[in-house]
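Student: So here's entry-v4.txt, just compact mmCIF, C-alpha atoms and all ligand atoms:
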```
# COMPACT_ATOMS: atom_id res chain seq x y z
CA MET A 30 -6.27 51.01 61.20
CA LYS A 31 -5.95 47.25 60.91
CA LYS A 32 -8.72 45.28 62.56
CA ASN A 33 -7.69 42.35 64.69
CA SER A 34 -10.80 41.00 66.36
CA VAL A 35 -14.53 40.65 65.90
CA ASP A 36 -15.06 43.54 68.29
CA ASP A 37 -13.19 45.81 65.87
CA LEU A 38 -15.75 45.15 63.14
CA ALA A 39 -18.04 48.10 62.43
CA PHE A 40 -21.16 45.95 62.59
CA PHE A 41 -20.39 45.27 66.26
CA ASN A 42 -18.39 47.95 68.08
CA GLY A 43 -15.79 49.34 65.69
CA ASN A 44 -15.74 52.24 63.25
CA PRO A 45 -16.11 51.61 59.51
CA PHE A 46 -12.73 50.71 58.05
CA PHE A 47 -13.23 52.96 55.04
CA LEU A 48 -14.31 56.54 55.61
CA GLU A 49 -15.72 56.72 52.10
CA GLN A 50 -17.95 54.08 50.60
CA LEU A 51 -16.31 51.74 48.10
CA HIS A 52 -18.72 50.93 45.30
CA VAL A 53 -19.06 48.14 42.81
CA GLY A 54 -19.59 49.85 39.47
CA ARG A 55 -17.80 53.14 40.09
CA PRO A 56 -17.66 54.66 36.61
CA ASN A 57 -14.46 54.70 34.56
CA ILE A 58 -13.98 58.12 33.06
CA GLY A 59 -11.57 58.81 30.21
CA ASN A 60 -9.68 62.02 29.40
CA ARG A 61 -11.76 64.80 30.97
CA GLN A 62 -10.37 67.53 28.77
CA LYS A 63 -11.37 65.62 25.65
CA ILE A 64 -14.85 64.97 27.01
CA GLU A 65 -15.26 68.67 27.73
CA GLU A 66 -13.93 69.64 24.30
CA ARG A 67 -16.36 67.30 22.61
CA ILE A 68 -19.30 68.47 24.70
CA ASN A 69 -18.42 72.10 23.95
CA ASP A 70 -18.31 71.24 20.25
CA ILE A 71 -21.78 69.67 20.54
CA LEU A 72 -23.11 72.78 22.27
CA ASP A 73 -21.45 75.08 19.72
CA ARG A 74 -22.84 73.18 16.76
CA LYS A 75 -26.25 72.81 18.42
CA TRP A 76 -26.69 69.27 17.20
CA LEU A 77 -27.71 67.28 20.26
CA THR A 78 -29.27 64.08 18.95
CA ASN A 79 -30.97 62.46 15.90
CA GLY A 80 -28.12 61.12 13.81
CA GLY A 81 -25.31 63.37 15.03
CA LYS A 82 -21.63 63.14 14.17
CA TYR A 83 -20.51 61.66 17.50
CA VAL A 84 -23.03 58.81 17.43
CA TYR A 85 -21.89 58.09 13.88
CA GLU A 86 -18.22 58.07 14.92
CA LEU A 87 -18.91 55.91 17.96
CA GLU A 88 -20.81 53.34 15.90
CA ARG A 89 -18.03 53.11 13.31
CA GLY A 90 -15.42 52.91 16.07
CA ILE A 91 -17.23 50.01 17.75
CA GLU A 92 -17.73 48.18 14.44
CA GLN A 93 -14.00 48.41 13.84
CA PHE A 94 -13.08 47.42 17.37
CA ILE A 95 -15.37 44.37 17.41
CA GLY A 96 -14.94 43.43 13.76
CA VAL A 97 -18.69 43.40 13.16
CA LYS A 98 -20.58 44.85 10.20
CA HIS A 99 -23.16 46.93 12.03
CA CYS A 100 -23.34 48.75 15.33
CA ILE A 101 -26.51 50.66 16.16
CA ALA A 102 -26.11 52.86 19.23
CA ILE A 103 -29.16 52.90 21.49
CA CYS A 104 -30.14 54.92 24.59
CA ASN A 105 -29.63 51.91 26.91
CA ALA A 106 -29.31 48.13 26.71
CA THR A 107 -32.83 47.43 27.98
CA VAL A 108 -34.36 49.34 25.07
CA ALA A 109 -31.75 47.79 22.75
CA LEU A 110 -32.84 44.30 23.87
CA GLY A 111 -36.48 45.23 23.32
CA ILE A 112 -35.81 46.52 19.83
CA ALA A 113 -33.67 43.52 18.86
CA ILE A 114 -36.30 41.09 20.22
CA ARG A 115 -39.02 42.79 18.16
CA ALA A 116 -36.89 43.14 15.04
CA LEU A 117 -36.05 39.43 15.22
CA GLY A 118 -39.75 38.59 15.34
CA MET A 119 -39.57 36.80 18.68
CA LYS A 120 -42.96 36.09 20.20
CA GLY A 121 -44.73 33.42 22.29
CA GLU A 122 -41.98 32.03 24.50
CA VAL A 123 -38.28 32.82 24.61
CA ILE A 124 -35.75 30.88 26.65
CA VAL A 125 -33.58 32.98 28.97
CA PRO A 126 -31.50 32.37 32.08
CA SER A 127 -33.01 33.48 35.38
CA PHE A 128 -29.49 34.21 36.59
CA THR A 129 -29.27 37.63 34.93
CA PHE A 130 -30.18 41.24 35.54
CA ILE A 131 -33.93 41.69 35.50
CA ALA A 132 -33.73 43.75 32.28
CA THR A 133 -33.22 40.59 30.20
CA ALA A 134 -36.57 39.18 31.31
CA HIS A 135 -38.40 42.51 31.37
CA ALA A 136 -37.41 43.27 27.76
CA LEU A 137 -39.48 40.21 26.79
CA GLN A 138 -42.37 40.58 29.21
CA TRP A 139 -42.74 44.25 28.23
CA GLN A 140 -43.80 42.93 24.81
CA GLU A 141 -46.04 40.21 26.26
CA ILE A 142 -43.49 37.55 25.35
CA THR A 143 -43.10 34.87 28.03
CA PRO A 144 -39.58 34.51 29.38
CA VAL A 145 -39.05 30.81 30.00
CA PHE A 146 -36.37 30.58 32.66
CA CYS A 147 -33.72 28.00 32.06
CA ASP A 148 -31.07 26.71 34.43
CA ILE A 149 -27.36 27.45 34.21
CA ASP A 150 -24.11 25.56 34.28
CA PRO A 151 -22.70 26.03 37.80
CA GLN A 152 -19.15 26.31 36.43
CA THR A 153 -19.76 29.00 33.82
CA HIS A 154 -22.83 30.69 35.39
CA ASN A 155 -24.28 30.78 31.84
CA LEU A 156 -27.18 28.98 30.14
CA ASP A 157 -26.77 25.22 30.18
CA PRO A 158 -27.41 24.14 26.55
CA ARG A 159 -28.74 20.72 27.65
CA GLN A 160 -31.38 22.41 29.77
CA VAL A 161 -32.22 24.82 26.93
CA GLU A 162 -33.13 21.89 24.73
CA ARG A 163 -35.50 20.60 27.42
CA MET A 164 -37.33 23.93 27.70
CA ILE A 165 -38.29 24.19 24.00
CA THR A 166 -42.03 23.95 23.28
CA PRO A 167 -44.07 24.57 20.13
CA ARG A 168 -44.45 28.20 21.31
CA THR A 169 -40.70 28.83 21.56
CA THR A 170 -39.38 31.35 19.03
CA GLY A 171 -35.98 32.21 20.40
CA ILE A 172 -33.16 31.94 22.89
CA ILE A 173 -31.43 34.80 24.67
CA GLY A 174 -28.06 33.81 26.10
CA VAL A 175 -26.38 36.15 28.59
CA HIS A 176 -22.58 36.33 28.73
CA VAL A 177 -22.55 36.71 32.51
CA TRP A 178 -19.48 38.54 33.92
CA GLY A 179 -18.14 38.78 30.34
CA ARG A 180 -17.51 35.03 30.16
CA ALA A 181 -19.08 33.82 26.94
CA CYS A 182 -21.99 31.41 26.73
CA ASP A 183 -21.43 28.16 24.89
CA THR A 184 -22.05 29.96 21.61
CA ASP A 185 -21.42 26.85 19.47
CA ALA A 186 -23.94 24.68 21.31
CA LEU A 187 -26.58 27.41 21.42
CA SER A 188 -26.12 28.22 17.72
CA GLU A 189 -26.45 24.55 16.87
CA ILE A 190 -29.71 24.25 18.85
CA ALA A 191 -31.10 27.48 17.38
CA HIS A 192 -30.25 26.36 13.87
CA ARG A 193 -31.67 22.85 14.27
CA ARG A 194 -34.87 24.02 16.00
CA ASN A 195 -35.34 27.07 13.78
CA LEU A 196 -35.11 29.58 16.63
CA ARG A 197 -33.74 33.11 16.70
CA LEU A 198 -30.63 33.57 18.83
CA LEU A 199 -29.84 36.81 20.61
CA PHE A 200 -27.07 37.41 23.13
CA ASP A 201 -27.33 39.83 26.01
CA ALA A 202 -23.69 40.91 26.02
CA ALA A 203 -24.27 43.71 28.54
CA HIS A 204 -21.20 42.56 30.52
CA ALA A 205 -19.06 41.47 27.62
CA PHE A 206 -17.76 44.51 25.75
CA ALA A 207 -14.13 43.86 24.72
CA CYS A 208 -14.33 40.16 25.65
CA THR A 209 -13.71 37.19 23.38
CA SER A 210 -15.12 33.73 22.85
CA LYS A 211 -12.78 31.21 21.26
CA GLY A 212 -10.55 34.08 20.27
CA LYS A 213 -13.31 35.99 18.46
CA MET A 214 -14.70 39.25 19.80
CA ILE A 215 -18.10 38.97 21.40
CA GLY A 216 -20.54 40.91 19.24
CA GLY A 217 -20.48 38.69 16.19
CA PHE A 218 -22.36 35.68 17.58
CA GLY A 219 -25.98 34.64 17.04
CA ASP A 220 -28.39 36.81 15.05
CA ALA A 221 -27.36 39.85 17.08
CA GLU A 222 -25.80 40.86 20.38
CA VAL A 223 -26.60 43.70 22.76
CA PHE A 224 -24.08 45.67 24.83
CA SER A 225 -24.77 47.93 27.79
CA PHE A 226 -22.81 51.13 28.18
CA HIS A 227 -24.45 52.07 31.48
CA GLY A 228 -22.41 54.13 33.97
CA THR A 229 -21.57 51.02 36.00
CA LYS A 230 -20.18 49.11 33.03
CA PHE A 231 -16.44 49.16 32.43
CA PHE A 232 -17.01 51.12 29.22
CA ASN A 233 -19.78 53.69 29.58
CA THR A 234 -21.61 56.34 27.62
CA LEU A 235 -23.31 57.62 30.82
CA GLU A 236 -26.44 55.67 29.83
CA GLY A 237 -26.31 53.72 26.59
CA GLY A 238 -26.12 50.50 24.74
CA ALA A 239 -25.87 49.06 21.25
CA VAL A 240 -27.11 46.28 19.03
CA VAL A 241 -24.38 44.72 16.91
CA THR A 242 -24.96 42.30 14.07
CA ASN A 243 -23.57 41.02 10.79
CA ASP A 244 -27.07 40.78 9.30
CA ASP A 245 -27.63 43.71 6.88
CA ALA A 246 -31.43 43.45 6.76
CA LEU A 247 -31.73 43.18 10.53
CA ALA A 248 -29.42 46.17 11.04
CA HIS A 249 -31.49 48.24 8.62
CA LYS A 250 -34.69 47.37 10.46
CA ILE A 251 -33.20 48.14 13.89
CA ARG A 252 -31.90 51.49 12.66
CA LEU A 253 -35.41 52.45 11.59
CA MET A 254 -37.09 50.99 14.68
CA LYS A 255 -34.93 52.96 17.10
CA ASN A 256 -36.11 56.13 15.33
CA PHE A 257 -39.89 55.63 15.63
CA GLY A 258 -39.88 53.41 12.52
CA PHE A 259 -39.39 56.35 10.16
CA THR A 260 -38.48 55.13 6.69
CA ASN A 261 -38.74 58.56 5.16
CA TYR A 262 -39.53 62.08 6.18
CA ASP A 263 -43.01 61.89 7.80
CA GLN A 264 -43.41 58.23 6.85
CA THR A 265 -43.25 55.10 9.01
CA ASP A 266 -43.53 51.52 7.76
CA TYR A 267 -43.74 49.77 11.10
CA VAL A 268 -43.93 50.41 14.78
CA GLY A 269 -40.85 52.00 16.24
CA ILE A 270 -39.72 53.58 19.46
CA ASN A 271 -37.37 56.34 20.52
CA GLY A 272 -34.17 54.41 21.21
CA LYS A 273 -31.70 57.01 20.01
CA MET A 274 -28.44 57.70 21.78
CA ASN A 275 -27.74 61.40 22.29
CA GLU A 276 -24.55 63.19 21.26
CA VAL A 277 -23.20 63.81 24.77
CA SER A 278 -23.40 60.09 25.53
CA ALA A 279 -21.63 59.33 22.27
CA ALA A 280 -18.92 61.90 23.05
CA MET A 281 -18.38 60.21 26.42
CA GLY A 282 -18.24 56.84 24.65
CA LEU A 283 -15.74 57.97 22.02
CA THR A 284 -13.50 59.39 24.71
CA ASN A 285 -13.75 56.28 26.88
CA LEU A 286 -13.04 54.11 23.84
CA GLU A 287 -9.67 55.84 23.66
CA SER A 288 -8.92 54.71 27.25
CA LEU A 289 -10.18 51.16 26.91
CA ASP A 290 -6.76 49.52 27.26
CA GLU A 291 -6.10 51.44 30.44
CA PHE A 292 -9.48 50.49 31.96
CA ILE A 293 -8.90 46.83 31.13
CA SER A 294 -5.40 46.80 32.53
CA VAL A 295 -6.57 48.42 35.80
CA ASN A 296 -9.34 45.82 36.16
CA HIS A 297 -7.00 42.99 35.26
CA ARG A 298 -4.42 44.18 37.78
CA ASN A 299 -7.12 44.51 40.48
CA TYR A 300 -8.36 41.01 39.76
CA GLY A 301 -4.77 39.78 40.25
CA PHE A 302 -4.57 41.58 43.62
CA TYR A 303 -7.79 39.92 44.74
CA GLN A 304 -6.38 36.55 43.63
CA THR A 305 -3.22 37.16 45.65
CA TYR A 306 -4.80 38.48 48.81
CA LEU A 307 -7.67 35.98 48.95
CA ALA A 308 -5.43 32.99 48.27
CA GLY A 309 -5.77 30.08 50.65
CA LEU A 310 -9.06 31.19 52.20
CA ASN A 311 -11.25 28.17 52.79
CA GLY A 312 -14.86 28.26 51.58
CA ILE A 313 -14.62 31.10 49.11
CA SER A 314 -13.60 31.08 45.48
CA LEU A 315 -12.98 33.80 42.98
CA ILE A 316 -14.40 33.16 39.52
CA VAL A 317 -11.81 32.08 37.02
CA TYR A 318 -11.10 33.80 33.72
CA ASP A 319 -9.69 31.57 30.98
CA GLN A 320 -6.16 32.80 30.19
CA THR A 321 -6.58 32.12 26.48
CA GLU A 322 -9.42 34.65 26.12
CA LYS A 323 -9.72 38.43 26.51
CA TYR A 324 -11.89 39.90 29.27
CA ASN A 325 -12.70 43.30 30.70
CA TYR A 326 -12.45 41.92 34.28
CA GLN A 327 -15.23 44.27 35.36
CA TYR A 328 -16.73 41.80 37.79
CA VAL A 329 -14.76 40.45 40.73
CA VAL A 330 -17.11 37.68 41.73
CA LEU A 331 -16.79 35.61 44.88
CA GLU A 332 -18.66 32.40 45.59
CA ILE A 333 -19.22 31.68 49.25
CA ASP A 334 -19.70 28.12 50.44
CA SER A 335 -21.57 28.58 53.71
CA GLN A 336 -21.01 24.94 54.68
CA LYS A 337 -17.31 25.64 54.87
CA THR A 338 -17.29 29.23 56.12
CA GLY A 339 -20.12 28.92 58.63
CA LEU A 340 -21.38 32.24 57.29
CA THR A 341 -23.80 32.90 54.49
CA ARG A 342 -23.09 35.25 51.62
CA ASP A 343 -25.64 37.63 53.15
CA ASP A 344 -23.83 37.59 56.51
CA LEU A 345 -20.64 38.59 54.72
CA VAL A 346 -22.43 41.34 52.79
CA THR A 347 -23.87 42.72 56.05
CA ILE A 348 -20.43 42.87 57.66
CA LEU A 349 -18.76 44.39 54.58
CA HIS A 350 -21.44 47.06 54.15
CA ALA A 351 -20.91 48.19 57.74
CA GLU A 352 -17.23 48.71 56.80
CA ASN A 353 -18.37 50.85 53.83
CA ILE A 354 -17.49 48.15 51.30
CA LEU A 355 -20.64 48.09 49.20
CA ALA A 356 -20.34 44.55 47.84
CA ARG A 357 -23.28 43.73 45.54
CA ARG A 358 -25.30 40.50 45.36
CA TYR A 359 -25.59 40.20 41.57
CA PHE A 360 -27.92 38.41 40.72
CA SER A 361 -29.89 37.64 43.77
CA PRO A 362 -32.62 36.62 43.76
CA GLY A 363 -32.84 35.14 40.26
CA CYS A 364 -35.42 36.77 37.97
CA HIS A 365 -37.89 33.95 38.58
CA GLN A 366 -38.10 35.07 42.22
CA MET A 367 -38.98 38.64 41.28
CA GLU A 368 -42.36 40.00 40.31
CA PRO A 369 -44.23 39.51 38.12
CA TYR A 370 -42.47 36.23 37.37
CA ARG A 371 -42.73 34.85 40.90
CA SER A 372 -46.53 35.10 40.71
CA TYR A 373 -46.77 33.94 37.10
CA PHE A 374 -44.57 30.87 37.64
CA PRO A 375 -44.58 30.11 41.37
CA ASN A 376 -42.94 26.71 40.96
CA SER A 377 -40.28 27.57 38.40
CA GLY A 378 -37.57 27.30 41.05
CA LEU A 379 -38.01 23.53 40.93
CA LEU A 380 -36.50 23.57 37.45
CA LEU A 381 -33.72 25.95 38.42
CA PRO A 382 -31.68 24.27 41.17
CA GLN A 383 -28.32 25.63 40.00
CA THR A 384 -29.69 29.16 39.67
CA GLU A 385 -31.19 29.03 43.17
CA ARG A 386 -27.94 27.72 44.61
CA LEU A 387 -25.73 30.27 42.86
CA ALA A 388 -28.01 33.20 43.69
CA GLN A 389 -27.34 32.42 47.38
CA ARG A 390 -23.58 32.25 46.92
CA VAL A 391 -22.31 35.11 44.75
CA LEU A 392 -21.18 38.56 45.58
CA CYS A 393 -19.29 41.20 43.60
CA LEU A 394 -16.48 43.28 45.05
CA PRO A 395 -15.33 46.79 44.14
CA THR A 396 -12.89 47.21 41.27
CA GLY A 397 -12.14 49.72 38.50
CA THR A 398 -10.10 52.89 38.57
CA ALA A 399 -11.56 53.89 41.97
CA VAL A 400 -9.66 51.18 43.89
CA GLY A 401 -6.01 50.13 43.97
CA GLU A 402 -3.79 47.55 45.63
CA MET A 403 -4.02 49.11 49.09
CA GLU A 404 -7.82 49.10 49.23
CA ILE A 405 -7.98 45.59 47.81
CA ARG A 406 -5.48 44.27 50.35
CA GLN A 407 -7.52 45.90 53.12
CA ILE A 408 -10.80 44.48 51.80
CA CYS A 409 -9.24 41.01 51.64
CA GLU A 410 -7.79 41.30 55.14
CA LEU A 411 -11.26 42.13 56.42
CA ILE A 412 -12.75 39.15 54.57
CA ARG A 413 -10.02 36.97 56.06
CA LEU A 414 -10.79 38.23 59.58
CA VAL A 415 -14.50 37.59 59.04
CA LEU A 416 -14.01 34.07 57.71
CA GLU A 417 -11.49 33.14 60.38
CA ASN A 418 -14.05 34.10 63.02
CA GLY A 419 -17.09 32.72 61.20
CA GLU A 420 -18.57 30.86 64.14
CA GLU A 421 -18.32 33.73 66.58
CA ILE A 422 -19.74 36.20 64.05
CA LYS A 423 -22.62 33.90 63.23
CA ARG A 424 -23.45 33.61 66.92
CA ARG A 425 -23.33 37.35 67.46
CA LEU A 426 -25.32 38.11 64.29
CA LYS A 427 -28.12 35.97 65.67
N1 LIG A 501 -28.53 42.81 30.82
C1 LIG A 501 -27.65 42.61 31.80
C2 LIG A 501 -27.05 41.26 31.96
C3 LIG A 501 -27.30 43.66 32.67
O1 LIG A 501 -26.43 43.46 33.68
C4 LIG A 501 -27.89 44.93 32.47
C5 LIG A 501 -27.59 46.02 33.35
C6 LIG A 501 -28.79 45.09 31.40
C7 LIG A 501 -29.09 44.01 30.59
C8 LIG A 501 -29.45 46.39 31.11
O2 LIG A 501 -28.52 47.41 30.78
P1 LIG A 501 -28.94 48.97 30.85
O3 LIG A 501 -30.36 49.09 30.36
O4 LIG A 501 -28.78 49.41 32.27
O5 LIG A 501 -27.98 49.62 29.90
C9 LIG A 501 -26.71 48.20 37.82
C10 LIG A 501 -26.98 48.94 36.54
O6 LIG A 501 -27.99 49.93 36.71
C11 LIG A 501 -27.35 48.06 35.41
O7 LIG A 501 -27.07 48.78 34.24
C12 LIG A 501 -26.53 46.78 35.40
N2 LIG A 501 -26.93 45.86 34.39
C13 LIG A 501 -26.64 46.10 36.73
C14 LIG A 501 -25.84 44.81 36.77
O8 LIG A 501 -26.13 46.95 37.70
P2 LIG A 501 -27.73 48.41 40.17
O9 LIG A 501 -29.10 48.23 40.70
O10 LIG A 501 -26.65 47.63 40.78
O11 LIG A 501 -27.31 49.93 40.18
P3 LIG A 501 -26.86 50.81 41.40
O12 LIG A 501 -27.45 52.14 41.22
O13 LIG A 501 -27.10 50.08 42.71
O14 LIG A 501 -25.30 50.97 41.18
C15 LIG A 501 -24.36 49.97 41.52
C16 LIG A 501 -23.18 50.61 42.22
O15 LIG A 501 -22.51 51.51 41.36
C17 LIG A 501 -23.56 51.37 43.46
O16 LIG A 501 -22.74 50.95 44.51
C18 LIG A 501 -23.31 52.82 43.11
C19 LIG A 501 -22.33 52.79 41.98
N3 LIG A 501 -22.55 53.86 41.01
C20 LIG A 501 -23.63 53.76 40.18
C21 LIG A 501 -23.86 54.75 39.26
C22 LIG A 501 -25.05 54.65 38.34
C23 LIG A 501 -21.68 54.93 40.95
O17 LIG A 501 -20.73 55.00 41.72
N4 LIG A 501 -21.90 55.90 40.02
C24 LIG A 501 -22.95 55.87 39.15
O18 LIG A 501 -23.10 56.77 38.31
O19 LIG A 501 -27.84 48.15 38.62
```
Produce structure tokens that represent the structure in this file.
Ligand code: T4K
Tutor:
Amino acid sequence: MKKNSVDDLAFFNGNPFFLEQLHVGRPNIGNRQKIEERINDILDRKWLTNGGKYVYELERGIEQFIGVKHCIAICNATVALGIAIRALGMKGEVIVPSFTFIATAHALQWQEITPVFCDIDPQTHNLDPRQVERMITPRTTGIIGVHVWGRACDTDALSEIAHRRNLRLLFDAAHAFACTSKGKMIGGFGDAEVFSFHGTKFFNTLEGGAVVTNDDALAHKIRLMKNFGFTNYDQTDYVGINGKMNEVSAAMGLTNLESLDEFISVNHRNYGFYQTYLAGLNGISLIVYDQTEKYNYQYVVLEIDSQKTGLTRDDLVTILHAENILARRYFSPGCHQMEPYRSYFPNSGLLLPQTERLAQRVLCLPTGTAVGEMEIRQICELIRLVLENGEEIKRRLK
């Protein structure tokens, strides 16, 4: 039932608006029958992993879809980042944004490489190339740009810096499958790019990820590295890890690949509903997607200006959670405020004013095939009620 006053809000006296929790990152699942058929085939043939037919088909399918020479499927994007970092010979210091999922930083630190956190452009939420230049030291060996929300980094500027300063350039494209940058599919930029196919991503393989690259030698090395470094039967030439994707994940991926257009159109439509129903609300803004590019619209990201709304982002999250709308504070705090980085670099926040500001302002709302126009209208009506009564809510929250 529609809520009309602050008293109706679940955090105070009311009942939760939604009986079931609405999640950010509810998985998109393609044709169930096909998934089951493929899994049955895997079980019948008793080939579960280690270079199976479905991983092979998925890799070729992604290469074709992206228009990139090599796709190497990996068990998840964190391991894929780790392998790509090692294969690229990154060491010493690598420049990364702090405004990212912790996996980007951990993939470096795990290998005793220092992530040097760099500030972002407040408009794009991505690495600010001018700041990148300032963070380079004699120990710097690479840059990892993250295409946050699927909106591409300034790939031209970062490539130019990497080229001029002789640095390796990797992109964490965990959010950016099926997105473009200047009309070109993300996946072909830098030395390599890494996708995540985790269950919460718009395209998933249950758990999974991939490294994509146009560099033949690099692809060869990564293929070996993800399989313990085996170059021949019972022979390794360098250190490797077990980064293989299994056949069931690949079967899920192949099936979801067939429904990609549908997933994108649902997300795009949902984004449009949010635009419509949040229009005119003072103090909040929905991130903008450039109409000349392609996106997967997986992240519906709001920025809250607490000066205008009288409420902080965290106040809003508290109220929404009580209504069973599980809005998520990606990425808050920034990596530099998480351990071990907070202890290693206690003052790094001084160099990251835009990151600190944004990490206080953003929140992601539910989308995907699990929500439709009705739920989105109801979520937006609740947000409107909260913002229109900001002062009273703030007082009562205290
Ligand atoms: N780089 C970037 C920029 C990334 O964003 C990520 C991952 C990575 C690298 C590393 O990729 P992977 O190694 O994971 O392939 C989630 C995901 O676990 C993580 O993959 C993702 N980024 C990150 C942005 O979000 P959490 O902590 O939000 O997960 P969780 O369990 O709270 O789930 C979020 C929501 O989704 C919940 O409301 C529940 C719902 N959910 C989740 C799962 C797994 C479902 O409804 N069903 C499910 O199966 O991290």
Student: With 8 Å as the cut-off and only C-alpha atoms and all ligand atoms counted, what is the closest atom pair between each nearby residue of chain A and ligand LIG 501 (chain A)? Distances in Å to one decimal, ordered by chain and number, as CSV.
Tutor:
```
residue,atom,partner,partner_atom,distance
A:Leu51,CA,A:LIG501,O16,7.4
A:His52,CA,A:LIG501,O16,4.1
A:Val53,CA,A:LIG501,C16,4.8
A:Gly54,CA,A:LIG501,O15,3.9
A:Arg55,CA,A:LIG501,O17,3.8
A:Pro56,CA,A:LIG501,N4,5.6
A:Cys104,CA,A:LIG501,O5,7.8
A:Asn105,CA,A:LIG501,O5,4.1
A:Ala106,CA,A:LIG501,O5,3.8
A:Thr107,CA,A:LIG501,O3,3.8
A:Val108,CA,A:LIG501,O3,6.6
A:Ala109,CA,A:LIG501,O3,7.8
A:Leu110,CA,A:LIG501,C7,7.7
A:Thr129,CA,A:LIG501,C2,5.2
A:Phe130,CA,A:LIG501,C1,4.7
A:Ile131,CA,A:LIG501,N1,7.2
A:Ala132,CA,A:LIG501,C7,4.9
A:Thr133,CA,A:LIG501,N1,5.2
A:Val175,CA,A:LIG501,C2,6.2
A:His176,CA,A:LIG501,C2,7.4
A:Val177,CA,A:LIG501,C2,6.4
A:Asp201,CA,A:LIG501,N1,5.8
A:Ala202,CA,A:LIG501,C2,6.8
A:Ala203,CA,A:LIG501,C1,4.8
A:His204,CA,A:LIG501,C2,6.2
A:Phe224,CA,A:LIG501,O5,7.5
A:Ser225,CA,A:LIG501,O5,4.2
A:Phe226,CA,A:LIG501,O5,5.7
A:His227,CA,A:LIG501,O5,4.6
A:Gly228,CA,A:LIG501,O18,5.1
A:Thr229,CA,A:LIG501,C20,5.4
A:Lys230,CA,A:LIG501,O7,7.0
A:Leu235,CA,A:LIG501,O18,7.5
A:Glu236,CA,A:LIG501,O5,6.2
A:Gly237,CA,A:LIG501,O5,5.5
A:Gly238,CA,A:LIG501,O5,5.6
A:Leu355,CA,A:LIG501,O16,5.9
A:Ala356,CA,A:LIG501,O16,7.6
A:Arg357,CA,A:LIG501,O10,7.0
A:Tyr359,CA,A:LIG501,C14,6.7
A:Phe360,CA,A:LIG501,C14,7.8
```
Student: Could you please determine the separation between atom CA of Ser188 of chain A and atom CA of Val317 of chain A in Å, to one decimal place?
Tutor: 24.3 Å
Student: What is the distance between atom CA of Tyr326 of chain A and atom CA of Asn296 of chain A, in Å to one decimal?
Tutor: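 Between atom CA of Tyr326 of chain A and atom CA of Asn296 of chain A the gap is 5.3 Å.
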Student: Quick one, how far is atom CA of Lys120 of chain A from atom CA of Asn256 of chain A?
Tutor: 21.7 Å
Student: Residues of segment 276-310 of chain A that approach segment 72-87 of chain A to 12 Å or less, counting only C-alpha atoms: could you list each one with the shortest pair of atoms and its distance in Å to one decimal, rows by chain and increasing residue number, as JSON lines?
Tutor:
```
{"residue": "A:Glu276", "atom": "CA", "partner": "A:Leu77", "partner_atom": "CA", "distance": 5.3}
{"residue": "A:Val277", "atom": "CA", "partner": "A:Leu77", "partner_atom": "CA", "distance": 7.3}
{"residue": "A:Ser278", "atom": "CA", "partner": "A:Val84", "partner_atom": "CA", "distance": 8.2}
{"residue": "A:Ala279", "atom": "CA", "partner": "A:Val84", "partner_atom": "CA", "distance": 5.1}
{"residue": "A:Ala280", "atom": "CA", "partner": "A:Tyr83", "partner_atom": "CA", "distance": 5.8}
{"residue": "A:Met281", "atom": "CA", "partner": "A:Tyr83", "partner_atom": "CA", "distance": 9.3}
{"residue": "A:Gly282", "atom": "CA", "partner": "A:Leu87", "partner_atom": "CA", "distance": 6.8}
{"residue": "A:Leu283", "atom": "CA", "partner": "A:Leu87", "partner_atom": "CA", "distance": 5.5}
{"residue": "A:Thr284", "atom": "CA", "partner": "A:Leu87", "partner_atom": "CA", "distance": 9.3}
{"residue": "A:Asn285", "atom": "CA", "partner": "A:Leu87", "partner_atom": "CA", "distance": 10.3}
{"residue": "A:Leu286", "atom": "CA", "partner": "A:Leu87", "partner_atom": "CA", "distance": 8.5}
{"residue": "A:Glu287", "atom": "CA", "partner": "A:Leu87", "partner_atom": "CA", "distance": 10.9}
```
Student: With only C-alpha atoms counted, which protein, DNA or RNA residues have an atom no more than 6 Å from (-13.4, 29.3, 55.4) in the file frame? Please answer as a PyMOL selection string.
Tutor: chain A and resi 310-312+337-338+416
Student: Counting only C-alpha atoms, which of A:Val223, A:Ala134, A:Ile173, A:Leu247 gets nearest to Glu368 of chain A?
Tutor: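 Ranking A:Val223, A:Ala134, A:Ile173, A:Leu247 by distance to Glu368 of chain A, first place goes to A:Ala134.
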Student: Select, from A:Ser210, A:Thr166, A:Gln407, A:Thr384, the residue with the minimum atom-to-atom distance to Tyr306 of chain A, counting all atoms listed in the file.
Tutor: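 Once distances to Tyr306 of chain A are computed over all atoms listed in the file, the minimum belongs to A:Gln407.
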Student: For segment 42-50 of chain A, please output as a VMD selection string all residues within 9 Å (counting all atoms listed in the file; exclusion window: fewer than 4 positions along the same chain).
Tutor: chain A and resid 30 to 32 35 to 38 350 to 355 404 407 411
Student: For segment 257-267 of chain A, work out the shell of residues within 12 Å, counting only C-alpha atoms and skipping chain neighbours fewer than 5 positions away, then give it as a list in words.
Tutor: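 With the cut-off at 12 Å, the set is Asn79, Ile112, Arg115, Ala116, His249, Lys250, Ile251, Arg252, Gly272 and Lys273 of chain A.
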Student: Can I get the selection written as a compact mmCIF listing (two decimals), in the frame of the given file, with C-alpha atoms?
Tutor:
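Ended up saving to again.txt:
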```txt
# COMPACT_ATOMS: atom_id res chain seq x y z
CA ASN A 79 -30.97 62.46 15.90
CA ILE A 112 -35.81 46.52 19.83
CA ARG A 115 -39.02 42.79 18.16
CA ALA A 116 -36.89 43.14 15.04
CA HIS A 249 -31.49 48.24 8.62
CA LYS A 250 -34.69 47.37 10.46
CA ILE A 251 -33.20 48.14 13.89
CA ARG A 252 -31.90 51.49 12.66
CA GLY A 272 -34.17 54.41 21.21
CA LYS A 273 -31.70 57.01 20.01
```
